[in-house]
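Participant: Sharing start14.cif, mmCIF, C-alpha atoms:
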data_model
loop_
_atom_site.label_atom_id
_atom_site.label_comp_id
_atom_site.auth_asym_id
_atom_site.auth_seq_id
_atom_site.Cartn_x
_atom_site.Cartn_y
_atom_site.Cartn_z
CA MET A 1 4.83 -26.39 1.10
CA PRO A 2 2.79 -27.07 -2.09
CA ALA A 3 2.34 -24.53 -4.85
CA SER A 4 -1.07 -22.95 -5.33
CA SER A 5 -3.00 -21.20 -8.06
CA LYS A 6 -3.98 -18.46 -5.59
CA PRO A 7 -2.20 -15.10 -5.66
CA CYS A 8 0.86 -15.30 -3.43
CA THR A 9 2.82 -12.32 -2.14
CA GLY A 10 6.49 -13.01 -1.52
CA VAL A 11 8.18 -10.69 0.96
CA VAL A 12 11.92 -10.15 1.31
CA ILE A 13 12.85 -8.53 4.62
CA VAL A 14 16.30 -6.96 4.61
CA ALA A 15 17.62 -7.39 8.18
CA ALA A 16 21.34 -7.93 7.63
CA GLY A 17 22.63 -4.38 8.11
CA SER A 18 25.19 -3.61 10.81
CA GLY A 19 23.59 -0.33 11.87
CA THR A 20 26.89 1.52 12.28
CA ARG A 21 25.26 4.97 12.26
CA LEU A 22 22.79 3.87 14.92
CA GLY A 23 25.66 2.91 17.21
CA ALA A 24 23.65 0.39 19.22
CA GLY A 25 26.32 -2.30 19.20
CA VAL A 26 24.02 -4.90 17.59
CA PRO A 27 22.73 -5.35 14.01
CA LYS A 28 20.10 -2.69 13.45
CA ALA A 29 17.14 -5.00 12.80
CA PHE A 30 17.68 -6.51 16.26
CA VAL A 31 17.76 -3.24 18.18
CA GLU A 32 14.90 -2.99 20.67
CA LEU A 33 12.01 -0.60 20.14
CA GLY A 34 9.38 -0.54 22.87
CA GLY A 35 10.69 -3.80 24.26
CA GLU A 36 10.63 -5.60 20.90
CA THR A 37 13.08 -5.74 18.00
CA LEU A 38 12.69 -3.61 14.92
CA LEU A 39 12.33 -6.86 12.97
CA ALA A 40 9.36 -7.94 15.11
CA HIS A 41 7.56 -4.68 14.36
CA ALA A 42 8.32 -4.97 10.65
CA LEU A 43 7.01 -8.54 10.45
CA ARG A 44 3.78 -7.52 12.14
CA GLY A 45 3.12 -5.14 9.29
CA LEU A 46 2.75 -8.09 6.89
CA THR A 47 -0.35 -9.48 8.54
CA GLY A 48 -2.72 -7.33 6.46
CA LEU A 49 -1.65 -8.93 3.18
CA PRO A 50 -4.44 -10.86 1.44
CA GLY A 51 -4.10 -14.41 0.12
CA GLU A 52 -0.98 -16.51 0.51
CA VAL A 53 2.21 -15.02 1.90
CA ALA A 54 5.82 -16.22 1.64
CA VAL A 55 8.59 -14.59 3.70
CA ALA A 56 12.38 -14.67 3.38
CA ILE A 57 14.53 -12.71 5.84
CA ALA A 58 18.14 -11.78 5.06
CA VAL A 59 19.95 -11.90 8.42
CA PRO A 60 23.59 -11.15 9.34
CA ALA A 61 25.82 -13.84 7.84
CA ALA A 62 27.19 -16.54 10.16
CA ASP A 63 25.22 -15.13 13.12
CA ALA A 64 23.42 -18.18 14.48
CA PRO A 65 21.78 -16.44 17.49
CA ARG A 66 20.27 -13.71 15.30
CA ARG A 67 19.07 -16.28 12.76
CA GLN A 68 17.38 -18.27 15.54
CA LEU A 69 15.75 -15.11 16.87
CA ALA A 70 14.47 -14.21 13.40
CA GLU A 71 13.02 -17.70 12.96
CA SER A 72 11.23 -17.47 16.29
CA LEU A 73 9.82 -14.05 15.37
CA ILE A 74 8.35 -15.49 12.18
CA THR A 75 6.47 -18.01 14.31
CA THR A 76 5.15 -15.48 16.80
CA GLU A 77 4.53 -12.37 14.71
CA LEU A 78 3.01 -14.11 11.66
CA ALA A 79 0.96 -16.68 13.57
CA MET A 80 -2.32 -15.02 12.58
CA LEU A 81 -1.62 -15.81 8.92
CA GLY A 82 -2.08 -19.49 9.72
CA GLU A 83 -2.08 -21.69 6.63
CA ARG A 84 -1.81 -18.62 4.42
CA LEU A 85 1.89 -18.48 5.34
CA VAL A 86 3.13 -20.92 2.68
CA HIS A 87 6.87 -20.34 3.12
CA ALA A 88 9.20 -18.85 5.74
CA SER A 89 12.99 -18.89 5.73
CA CYS A 90 16.10 -17.02 6.81
CA VAL A 91 19.18 -16.62 4.61
CA ASP A 92 22.64 -15.18 5.18
CA GLY A 93 22.76 -11.61 3.95
CA GLY A 94 25.52 -10.39 1.64
CA LYS A 95 28.05 -7.60 1.85
CA THR A 96 25.62 -5.22 0.15
CA ARG A 97 21.87 -4.72 0.27
CA SER A 98 21.48 -5.97 -3.30
CA GLU A 99 23.36 -9.18 -2.47
CA SER A 100 21.05 -9.74 0.50
CA VAL A 101 17.93 -9.23 -1.59
CA ALA A 102 19.22 -11.51 -4.35
CA ALA A 103 19.97 -14.28 -1.84
CA ALA A 104 16.52 -14.05 -0.24
CA LEU A 105 14.77 -13.97 -3.63
CA THR A 106 16.11 -17.42 -4.50
CA THR A 107 14.29 -18.99 -1.55
CA LEU A 108 10.80 -17.67 -2.36
CA PRO A 109 8.37 -20.09 -4.04
CA ASP A 110 8.14 -19.89 -7.83
CA HIS A 111 4.38 -19.37 -7.70
CA CYS A 112 4.68 -15.96 -6.00
CA ASP A 113 3.17 -13.47 -8.46
CA VAL A 114 4.25 -10.36 -6.51
CA VAL A 115 7.37 -9.74 -4.44
CA LEU A 116 7.72 -6.96 -1.87
CA VAL A 117 11.16 -5.91 -0.66
CA HIS A 118 11.03 -4.28 2.75
CA ASP A 119 13.62 -2.83 5.14
CA ALA A 120 13.34 -4.04 8.74
CA ALA A 121 14.57 -0.57 9.68
CA ARG A 122 11.22 0.85 8.50
CA ALA A 123 9.71 -0.98 11.43
CA LEU A 124 6.56 1.07 11.94
CA THR A 125 5.30 0.91 8.36
CA PRO A 126 1.53 0.39 8.69
CA ALA A 127 -0.01 -2.81 7.40
CA THR A 128 -2.34 -0.78 5.21
CA LEU A 129 0.60 0.57 3.21
CA VAL A 130 2.12 -2.89 2.78
CA ALA A 131 -1.19 -4.19 1.40
CA ALA A 132 -1.63 -1.13 -0.82
CA VAL A 133 1.73 -1.69 -2.51
CA ALA A 134 0.93 -5.34 -3.25
CA GLY A 135 -2.50 -4.42 -4.58
CA ALA A 136 -1.10 -1.71 -6.83
CA VAL A 137 1.44 -4.12 -8.36
CA ARG A 138 -1.32 -6.58 -9.22
CA ALA A 139 -3.55 -3.83 -10.60
CA THR A 140 -0.89 -2.27 -12.86
CA GLY A 141 1.70 -4.98 -13.55
CA HIS A 142 4.37 -2.37 -12.79
CA GLY A 143 6.89 -1.79 -10.05
CA ILE A 144 5.33 0.21 -7.20
CA VAL A 145 7.11 2.30 -4.59
CA PRO A 146 5.50 4.32 -1.80
CA ALA A 147 6.76 7.89 -1.75
CA LEU A 148 6.28 11.20 0.03
CA PRO A 149 6.52 14.71 -1.42
CA VAL A 150 9.78 16.51 -0.71
CA VAL A 151 9.02 19.42 1.61
CA ASP A 152 12.51 20.89 2.06
CA THR A 153 14.21 23.05 -0.53
CA LEU A 154 17.02 21.02 -2.11
CA LYS A 155 20.29 22.56 -3.27
CA GLN A 156 22.94 21.09 -5.52
CA VAL A 157 26.42 21.96 -4.21
CA ASP A 158 30.01 21.36 -5.27
CA ALA A 159 32.82 19.84 -3.19
CA SER A 160 33.53 23.19 -1.54
CA GLY A 161 29.93 23.65 -0.45
CA ARG A 162 29.09 26.33 -3.01
CA VAL A 163 25.48 26.21 -4.20
CA LEU A 164 25.22 25.36 -7.89
CA ASP A 165 21.50 24.99 -8.42
CA THR A 166 18.10 24.59 -6.75
CA ALA A 167 16.21 21.40 -7.50
CA ASP A 168 12.55 21.47 -8.49
CA ARG A 169 11.00 19.64 -5.55
CA GLU A 170 7.64 19.37 -7.34
CA VAL A 171 9.04 16.52 -9.44
CA LEU A 172 10.95 14.86 -6.58
CA ARG A 173 9.74 12.21 -4.14
CA ALA A 174 11.28 10.57 -1.08
CA VAL A 175 10.74 6.85 -1.57
CA GLN A 176 10.11 4.26 1.12
CA THR A 177 9.60 0.52 1.45
CA PRO A 178 8.09 -1.95 0.89
CA GLN A 179 8.75 -1.69 -2.81
CA GLY A 180 6.69 -4.12 -4.87
CA PHE A 181 7.25 -5.79 -8.23
CA PRO A 182 5.90 -8.53 -10.48
CA ALA A 183 7.89 -11.51 -9.21
CA ALA A 184 9.18 -12.86 -12.55
CA GLN A 185 10.40 -9.45 -13.68
CA LEU A 186 12.18 -8.77 -10.40
CA ARG A 187 13.98 -12.11 -10.55
CA THR A 188 15.09 -11.33 -14.11
CA ALA A 189 16.24 -7.85 -13.08
CA TYR A 190 18.39 -9.20 -10.25
CA ALA A 191 19.83 -11.93 -12.46
CA ALA A 192 20.97 -9.24 -14.89
CA ALA A 193 22.00 -6.64 -12.29
CA GLY A 194 25.37 -5.01 -12.75
CA ALA A 195 26.31 -1.99 -10.63
CA GLU A 196 24.81 -1.67 -7.16
CA ALA A 197 21.57 0.34 -7.29
CA THR A 198 20.41 2.59 -4.44
CA ASP A 199 17.15 0.65 -4.15
CA ASP A 200 15.26 -2.24 -5.70
CA ALA A 201 13.27 0.06 -7.95
CA GLY A 202 16.57 1.17 -9.48
CA THR A 203 17.52 -2.43 -10.23
CA PHE A 204 14.07 -3.09 -11.67
CA ALA A 205 14.10 0.05 -13.84
CA ALA A 206 17.63 -0.68 -15.11
CA ALA A 207 16.27 -3.94 -16.53
CA GLY A 208 13.53 -2.08 -18.41
CA GLY A 209 10.76 -2.31 -15.82
CA ILE A 210 8.23 0.49 -15.34
CA VAL A 211 8.09 1.95 -11.83
CA GLU A 212 5.25 4.07 -10.45
CA VAL A 213 4.70 5.70 -7.06
CA ILE A 214 1.76 5.60 -4.69
CA ALA A 215 1.21 7.73 -1.61
CA GLY A 216 3.67 6.84 1.13
CA ASP A 217 3.25 7.25 4.85
CA ASP A 218 5.14 9.34 7.42
CA ARG A 219 5.15 6.32 9.72
CA ALA A 220 7.30 4.36 7.27
CA PHE A 221 10.39 6.38 8.16
CA LYS A 222 13.72 4.57 8.35
CA VAL A 223 15.49 4.12 11.67
CA THR A 224 19.08 5.06 10.83
CA THR A 225 20.34 7.35 13.59
CA PRO A 226 19.78 7.59 17.36
CA ALA A 227 17.39 10.48 16.68
CA ASP A 228 15.31 8.22 14.42
CA LEU A 229 15.15 5.56 17.12
CA ALA A 230 14.04 8.16 19.65
CA ARG A 231 11.30 9.27 17.26
CA ALA A 232 10.14 5.67 16.91
CA GLU A 233 10.16 5.22 20.69
CA ARG A 234 7.93 8.28 21.06
CA ALA A 235 5.55 6.82 18.49
CA VAL A 236 5.32 3.52 20.35
CA GLN A 237 4.77 5.26 23.68
CA LEU A 238 2.06 7.42 22.12
CA SER A 239 0.30 4.29 20.92
CA LYS A 240 0.33 2.77 24.38
CA GLY A 241 -1.17 5.84 25.98
CA GLY A 242 -3.39 7.22 23.20
CA GLY A 243 -7.07 6.60 22.59
CA ALA A 244 -8.80 5.06 19.61
CA SER A 245 -9.71 8.41 18.09
CA ARG A 246 -6.11 9.55 17.64
CA ALA A 247 -3.16 8.09 15.77
CA SER A 248 -1.30 5.32 17.58
CA ALA A 249 1.76 3.20 17.03
CA HIS A 250 1.92 0.24 14.72
CA GLY A 251 0.06 -2.66 16.26
CA GLY A 252 -1.69 -0.40 18.78
CA THR A 253 -5.36 0.21 19.45
CA SER A 254 -6.09 3.16 17.18
CA ALA A 255 -8.75 3.12 14.53
CA HIS A 256 -6.24 2.82 11.71
CA GLY A 257 -3.24 1.05 13.25
CA GLY A 258 0.21 2.20 12.15
CA ALA A 259 2.53 4.50 14.03
CA SER A 260 3.03 8.21 14.34
CA ALA A 261 5.25 10.50 16.36
CA TYR A 262 2.43 13.05 16.38
CA GLU A 263 -1.31 13.00 16.71
CA VAL A 264 -3.52 13.07 13.65
CA GLU A 265 -7.16 13.84 13.09
CA LEU A 266 -9.20 10.92 11.74
CA ARG A 267 -12.32 11.47 9.66
CA VAL A 268 -14.89 9.06 8.23
CA GLY A 269 -17.03 9.65 5.15
CA ILE A 270 -20.00 7.83 3.62
CA GLY A 271 -21.01 7.89 -0.02
CA THR A 272 -23.80 6.35 -2.07
CA ASP A 273 -24.61 6.27 -5.76
CA VAL A 274 -27.17 4.71 -8.07
CA HIS A 275 -27.29 4.38 -11.86
CA ALA A 276 -29.97 2.96 -14.11
CA PHE A 277 -29.15 0.47 -16.83
CA ASP A 278 -28.63 1.79 -20.34
CA ASP A 279 -28.59 -0.64 -23.25
CA THR A 280 -26.46 1.68 -25.38
CA SER A 281 -23.51 1.93 -22.97
CA PRO A 282 -20.72 -0.48 -22.00
CA CYS A 283 -20.89 -1.81 -18.44
CA TRP A 284 -18.21 -0.44 -16.11
CA LEU A 285 -18.39 -1.09 -12.38
CA ALA A 286 -15.66 -0.59 -9.73
CA GLY A 287 -13.20 0.11 -12.52
CA LEU A 288 -13.91 -3.22 -14.24
CA HIS A 289 -15.45 -3.84 -17.66
CA PHE A 290 -18.22 -6.44 -17.87
CA PRO A 291 -18.51 -7.45 -21.53
CA GLY A 292 -21.99 -8.41 -22.70
CA GLU A 293 -23.74 -6.77 -19.75
CA ARG A 294 -26.07 -3.77 -19.94
CA GLY A 295 -24.25 -0.54 -19.26
CA LEU A 296 -25.04 2.17 -16.73
CA SER A 297 -26.39 5.56 -17.72
CA GLY A 298 -24.69 8.80 -16.80
CA HIS A 299 -22.64 11.78 -17.95
CA SER A 300 -19.53 9.67 -17.36
CA ASP A 301 -19.24 5.88 -17.52
CA GLY A 302 -21.92 5.43 -14.84
CA ASP A 303 -19.60 3.53 -12.47
CA ALA A 304 -21.76 3.63 -9.33
CA ALA A 305 -19.13 1.94 -7.14
CA ALA A 306 -16.36 4.38 -8.05
CA HIS A 307 -18.69 7.35 -7.69
CA ALA A 308 -19.87 6.25 -4.24
CA LEU A 309 -16.22 5.98 -3.19
CA VAL A 310 -15.53 9.49 -4.51
CA ASP A 311 -18.36 10.87 -2.37
CA ALA A 312 -17.12 9.00 0.70
CA LEU A 313 -13.62 10.43 0.28
CA LEU A 314 -14.78 13.98 -0.41
CA GLY A 315 -17.24 13.82 2.48
CA ALA A 316 -14.59 12.59 4.92
CA ALA A 317 -12.34 15.51 4.01
CA GLY A 318 -15.17 18.07 3.96
CA LEU A 319 -14.49 18.87 0.30
CA GLY A 320 -18.02 18.69 -1.07
CA ASP A 321 -19.37 15.92 -3.24
CA ILE A 322 -19.01 14.47 -6.72
CA GLY A 323 -21.68 16.79 -8.12
CA SER A 324 -19.97 19.96 -6.95
CA ARG A 325 -16.48 18.78 -7.94
CA PHE A 326 -17.22 16.99 -11.21
CA GLY A 327 -20.40 18.56 -12.51
CA VAL A 328 -22.26 17.23 -15.54
CA ASP A 329 -21.75 20.61 -17.22
CA ASP A 330 -17.98 20.09 -17.26
CA PRO A 331 -17.05 18.62 -20.68
CA ARG A 332 -13.74 17.30 -19.28
CA TYR A 333 -15.64 14.52 -17.52
CA ALA A 334 -17.96 13.44 -20.31
CA ASN A 335 -17.59 9.64 -20.56
CA ALA A 336 -14.77 9.79 -17.99
CA SER A 337 -13.91 6.55 -16.23
CA GLY A 338 -14.50 5.98 -12.54
CA GLU A 339 -10.74 5.69 -12.10
CA THR A 340 -10.34 9.21 -13.50
CA PHE A 341 -12.63 10.59 -10.79
CA LEU A 342 -10.87 8.60 -8.08
CA ILE A 343 -7.38 9.72 -9.07
CA ALA A 344 -8.53 13.35 -9.23
CA THR A 345 -10.20 12.97 -5.80
CA ARG A 346 -7.05 11.45 -4.32
CA ASP A 347 -5.06 14.45 -5.56
CA MET A 348 -7.62 16.89 -4.13
CA LEU A 349 -7.34 15.29 -0.72
CA ALA A 350 -3.54 15.34 -0.87
CA ASP A 351 -3.57 19.05 -1.77
CA ALA A 352 -5.84 19.70 1.22
CA GLY A 353 -3.46 17.89 3.58
CA PHE A 354 -5.34 14.60 3.89
CA ARG A 355 -4.04 11.06 3.52
CA ILE A 356 -6.41 8.21 2.67
CA ARG A 357 -6.10 5.36 5.15
CA ASN A 358 -8.58 2.80 3.80
CA ALA A 359 -12.04 2.41 2.32
CA SER A 360 -14.84 -0.09 1.81
CA VAL A 361 -17.34 -0.40 -1.05
CA GLN A 362 -20.45 -2.58 -1.30
CA VAL A 363 -22.27 -3.11 -4.58
CA ILE A 364 -25.96 -4.11 -4.55
CA CYS A 365 -27.28 -5.56 -7.80
CA GLN A 366 -28.72 -8.63 -9.50
CA ARG A 367 -26.58 -8.04 -12.57
CA PRO A 368 -23.82 -7.98 -13.53
CA ARG A 369 -22.50 -10.96 -11.52
CA PHE A 370 -20.18 -8.78 -9.50
CA GLY A 371 -19.25 -10.99 -6.54
CA ASP A 372 -16.93 -13.20 -8.57
CA ARG A 373 -14.73 -10.20 -9.40
CA ARG A 374 -14.78 -8.35 -6.09
CA LEU A 375 -11.10 -9.08 -5.29
CA GLU A 376 -10.06 -7.80 -8.70
CA ALA A 377 -12.21 -4.72 -8.14
CA GLY A 378 -10.52 -4.11 -4.80
CA GLU A 379 -7.11 -4.12 -6.43
CA VAL A 380 -8.18 -1.64 -9.11
CA LEU A 381 -9.78 0.76 -6.63
CA SER A 382 -6.83 0.45 -4.22
CA ALA A 383 -4.42 1.39 -6.99
CA ALA A 384 -6.53 4.40 -7.96
CA ILE A 385 -6.68 5.95 -4.48
CA GLY A 386 -3.32 4.69 -3.18
CA ALA A 387 -4.83 2.95 -0.15
CA PRO A 388 -6.50 -0.40 0.59
CA VAL A 389 -10.11 -0.77 -0.56
CA SER A 390 -12.19 -3.79 0.45
CA VAL A 391 -15.07 -4.63 -1.87
CA SER A 392 -18.16 -6.73 -1.18
CA ALA A 393 -21.30 -7.57 -3.14
CA THR A 394 -24.87 -8.51 -2.32
CA THR A 395 -28.35 -8.57 -3.84
CA SER A 396 -31.65 -7.14 -2.61
CA ASP A 397 -33.43 -10.51 -2.77
CA ARG A 398 -35.28 -9.34 -5.86
CA LEU A 399 -36.76 -6.37 -3.97
CA GLY A 400 -36.80 -2.78 -5.24
CA PHE A 401 -35.27 -1.36 -8.39
CA THR A 402 -32.11 -3.48 -8.10
CA GLY A 403 -34.26 -6.59 -7.66
CA ARG A 404 -36.19 -5.67 -10.81
CA GLU A 405 -32.81 -5.33 -12.59
CA GLU A 406 -33.38 -1.65 -13.32
CA GLY A 407 -30.01 -0.47 -12.08
CA VAL A 408 -27.12 -0.71 -9.60
CA PHE A 409 -26.70 0.78 -6.12
CA ALA A 410 -23.41 1.22 -4.27
CA VAL A 411 -22.42 2.44 -0.82
CA ALA A 412 -18.92 3.32 0.37
CA THR A 413 -17.12 4.40 3.54
CA ALA A 414 -13.68 5.97 3.76
CA LEU A 415 -11.22 6.77 6.53
CA VAL A 416 -8.81 9.67 6.05
CA GLU A 417 -6.36 11.44 8.31
CA ARG A 418 -4.93 14.92 8.62
CA ALA A 419 -2.06 15.98 10.82
CA PRO A 420 -2.92 18.93 13.09
#
For this file, write the structure as structure tokens.

Facilitator:
Amino acid sequence: MPASSKPCTGVVIVAAGSGTRLGAGVPKAFVELGGETLLAHALRGLTGLPGEVAVAIAVPAADAPRRQLAESLITTELAMLGERLVHASCVDGGKTRSESVAAALTTLPDHCDVVLVHDAARALTPATLVAAVAGAVRATGHGIVPALPVVDTLKQVDASGRVLDTADREVLRAVQTPQGFPAAQLRTAYAAAGAEATDDAGTFAAAGGIVEVIAGDDRAFKVTTPADLARAERAVQLSKGGGASRASAHGGTSAHGGASAYEVELRVGIGTDVHAFDDTSPCWLAGLHFPGERGLSGHSDGDAAAHALVDALLGAAGLGDIGSRFGVDDPRYANASGETFLIATRDMLADAGFRIRNASVQVICQRPRFGDRRLEAGEVLSAAIGAPVSVSATTSDRLGFTGREEGVFAVATALVERAP
């Protein structure tokens, strides 16, 4: 398939493990979950990726039936990608996970700018998380891993079982997949890899790469033991019987997709913001700088798009609004960027027990020419809140204050969830 100048996300699916601890008698990725293989569920989670997609699956070596099944699943589960699927292949996995990833990497097209490495065993990972990881890599240029806070107290023990120390769980995270990286840097890291790392982020960091975390998802748990498989089965059954207002399994009919072994409360918020032009300020909108354009007035950087998104998130969680949380009397936020507000809002929601599922922002203005950079804006905003943000732009047909080029108006919606 021909190379393209469009962004292309390469995805390595690790599906070569034997699944000894699961004890199902077949390679783990091919164990059935709700009448379908774990691999089928995992592939379905890729369909929310934007732009071009290339997929390489590491399957059990010298296992022709499983390879044929994997190839057929690519055709069925990724059909909705259409021409955006620019490459699909299966390779023999190695003796270790790293060997499997390295083998699959070699088959991905050179024009992939981002590579995600994903475990088929994390079959119910929601498509929104997959897209968020890819977006965060493009926005930062760093390695990105989804992670959850550690809730259990962790003890360090010796060989006899005696407790030596208690770990500070505030600085610990339980990481998940997919893990995303700039493609060229990941290839270099694997080419130079020595000792087997526990995950791809370890290999990337050992080669000097910077790795950051974004909010993970409870649904991205790894099926390792029979108890894990039973949990996943419950999640799938819940999705088949639940309504659209409650959490459902990955690929189900809920408002947010994904999978959960418990019900969650979904909330929607709406936010708006408007800022007048100010000739003395730089122009920042949706986290992007527009050189040569008139700036927006305000106590901070006047980023109407970011501020509307803040209000949508706070409103969805019932946590007030941007005025009550980031007042103009607070000197900490003088000239603060829109990203600063968004990151602080994301943390507020997390502290209150909410997880951001997705958001949408529309910018209404004659200037700056925002539509040409809306995809870039979406990546910046997605990285800031740790969840997918779609961005659109329109004008008011020269009507009203935006039509007179007096300022910018933005409206945002956000979907968040909280477990009961």

Participant: Any idea what the distance is between CA of Arg374 in chain A and CA of Gly315 in chain A?

Facilitator: 23.9 Å

Participant: Got a sec to check which residues sit within 6 Å of (1.7, -11.0, -9.7), counting all atoms listed in the file, and write them as a list in words?

Facilitator: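 Residues found, by chain and rising number: Asp113, Val114, Arg138 and Pro182 of chain A.
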
Participant: What do you get, as a count of residues only, if you spell out every residue that the PyMOL selection byres ((chain A and resi 104-107) around 7) selects here?

Facilitator: 11

Participant: Using only C-alpha atoms and a cutoff of 10 Å, can you tell me which residues are near (-21.0, 8.1, -16.3) in the file's coordinates, and write them out as a PDB file with C-alpha atoms, keeping the file's coordinate frame?

Facilitator:
ATOM      1  CA  HIS A 275     -27.290   4.380 -11.860  1.00  0.00           C
ATOM      2  CA  SER A 281     -23.510   1.930 -22.970  1.00  0.00           C
ATOM      3  CA  TRP A 284     -18.210  -0.440 -16.110  1.00  0.00           C
ATOM      4  CA  GLY A 295     -24.250  -0.540 -19.260  1.00  0.00           C
ATOM      5  CA  LEU A 296     -25.040   2.170 -16.730  1.00  0.00           C
ATOM      6  CA  SER A 297     -26.390   5.560 -17.720  1.00  0.00           C
ATOM      7  CA  GLY A 298     -24.690   8.800 -16.800  1.00  0.00           C
ATOM      8  CA  HIS A 299     -22.640  11.780 -17.950  1.00  0.00           C
ATOM      9  CA  SER A 300     -19.530   9.670 -17.360  1.00  0.00           C
ATOM     10  CA  ASP A 301     -19.240   5.880 -17.520  1.00  0.00           C
ATOM     11  CA  GLY A 302     -21.920   5.430 -14.840  1.00  0.00           C
ATOM     12  CA  ASP A 303     -19.600   3.530 -12.470  1.00  0.00           C
ATOM     13  CA  ALA A 304     -21.760   3.630  -9.330  1.00  0.00           C
ATOM     14  CA  HIS A 307     -18.690   7.350  -7.690  1.00  0.00           C
ATOM     15  CA  VAL A 328     -22.260  17.230 -15.540  1.00  0.00           C
ATOM     16  CA  TYR A 333     -15.640  14.520 -17.520  1.00  0.00           C
ATOM     17  CA  ALA A 334     -17.960  13.440 -20.310  1.00  0.00           C
ATOM     18  CA  ASN A 335     -17.590   9.640 -20.560  1.00  0.00           C
ATOM     19  CA  ALA A 336     -14.770   9.790 -17.990  1.00  0.00           C
ATOM     20  CA  SER A 337     -13.910   6.550 -16.230  1.00  0.00           C
ATOM     21  CA  GLY A 338     -14.500   5.980 -12.540  1.00  0.00           C
TER      22      GLY A 338
END

Participant: As an exercise, work out the distance from CA of Val213 in chain A to CA of Leu229 in chain A in Å and give it to one decimal place.

Facilitator: 26.3 Å

Participant: Applying 12 Å and all atoms listed in the file, which residues near Ala197 in chain A remain after dropping the ones on its own chain fewer than 3 positions away? List them as a PDB file with C-alpha atoms, keeping the file's coordinate frame.

Facilitator:
ATOM      1  CA  THR A  96      25.620  -5.220   0.150  1.00  0.00           C
ATOM      2  CA  ARG A  97      21.870  -4.720   0.270  1.00  0.00           C
ATOM      3  CA  SER A  98      21.480  -5.970  -3.300  1.00  0.00           C
ATOM      4  CA  GLU A  99      23.360  -9.180  -2.470  1.00  0.00           C
ATOM      5  CA  VAL A 101      17.930  -9.230  -1.590  1.00  0.00           C
ATOM      6  CA  ALA A 189      16.240  -7.850 -13.080  1.00  0.00           C
ATOM      7  CA  TYR A 190      18.390  -9.200 -10.250  1.00  0.00           C
ATOM      8  CA  ALA A 193      22.000  -6.640 -12.290  1.00  0.00           C
ATOM      9  CA  GLY A 194      25.370  -5.010 -12.750  1.00  0.00           C
ATOM     10  CA  ASP A 200      15.260  -2.240  -5.700  1.00  0.00           C
ATOM     11  CA  ALA A 201      13.270   0.060  -7.950  1.00  0.00           C
ATOM     12  CA  GLY A 202      16.570   1.170  -9.480  1.00  0.00           C
ATOM     13  CA  THR A 203      17.520  -2.430 -10.230  1.00  0.00           C
ATOM     14  CA  PHE A 204      14.070  -3.090 -11.670  1.00  0.00           C
ATOM     15  CA  ALA A 205      14.100   0.050 -13.840  1.00  0.00           C
ATOM     16  CA  ALA A 206      17.630  -0.680 -15.110  1.00  0.00           C
ATOM     17  CA  ALA A 207      16.270  -3.940 -16.530  1.00  0.00           C
TER      18      ALA A 207
END

Participant: Identify, on the basis of only C-alpha atoms, every residue whose closest approach to Gln156 in chain A does not exceed 12 Å; exclude the query and any residue fewer than 3 positions from it along the same chain; express the result as a JSON list (two decimals) with C-alpha atoms, keeping the file's coordinate frame.

Facilitator:
[["chain", "number", "residue", "atom", "x", "y", "z"],
["A", 153, "THR", "CA", 14.21, 23.05, -0.53],
["A", 159, "ALA", "CA", 32.82, 19.84, -3.19],
["A", 160, "SER", "CA", 33.53, 23.19, -1.54],
["A", 161, "GLY", "CA", 29.93, 23.65, -0.45],
["A", 162, "ARG", "CA", 29.09, 26.33, -3.01],
["A", 163, "VAL", "CA", 25.48, 26.21, -4.20],
["A", 164, "LEU", "CA", 25.22, 25.36, -7.89],
["A", 165, "ASP", "CA", 21.50, 24.99, -8.42],
["A", 166, "THR", "CA", 18.10, 24.59, -6.75],
["A", 167, "ALA", "CA", 16.21, 21.40, -7.50],
["A", 168, "ASP", "CA", 12.55, 21.47, -8.49]]

Participant: Translate the PyMOL selection byres ((chain A and resi 325) around 10), as applied to the file shown, into an explicit residue set as a VMD selection string.

Facilitator: chain A and resid 310 to 311 314 319 to 324 326 to 328 330 341 344 to 345 348

Participant: Taking only C-alpha atoms into account, which of A:Ala230, A:Leu22, A:Ala316, A:Leu148 comes nearest Arg169 in chain A?

Facilitator: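 Smallest distance to Arg169 in chain A is found for A:Leu148.
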
Participant: Show which residues sit within 7 Å of range 81-88 of chain A, as JSON, numbers by chain. Count all atoms listed in the file, and ignore same-chain residues fewer than 3 positions away.

Facilitator: {"A": [1, 47, 51, 52, 53, 54, 55, 56, 78]}

Participant: Write out as a compact mmCIF listing (two decimals) with C-alpha atoms, in the frame of the given file which residues come within 12 Å of Gly403 in chain A when counting all atoms listed in the file, dropping same-chain ones fewer than 3 positions away.

Facilitator:
# COMPACT_ATOMS: atom_id res chain seq x y z
CA ILE A 364 -25.96 -4.11 -4.55
CA CYS A 365 -27.28 -5.56 -7.80
CA GLN A 366 -28.72 -8.63 -9.50
CA ARG A 367 -26.58 -8.04 -12.57
CA THR A 394 -24.87 -8.51 -2.32
CA THR A 395 -28.35 -8.57 -3.84
CA SER A 396 -31.65 -7.14 -2.61
CA ASP A 397 -33.43 -10.51 -2.77
CA ARG A 398 -35.28 -9.34 -5.86
CA LEU A 399 -36.76 -6.37 -3.97
CA GLY A 400 -36.80 -2.78 -5.24
CA GLU A 406 -33.38 -1.65 -13.32
CA GLY A 407 -30.01 -0.47 -12.08
CA VAL A 408 -27.12 -0.71 -9.60
CA PHE A 409 -26.70 0.78 -6.12

Participant: Would you compute the distance between CA of Val117 in chain A and CA of Ile343 in chain A? Give it in Å to one decimal.

Facilitator: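 Answer for the CA of Val117 in chain A to CA of Ile343 in chain A separation: 25.7 Å.
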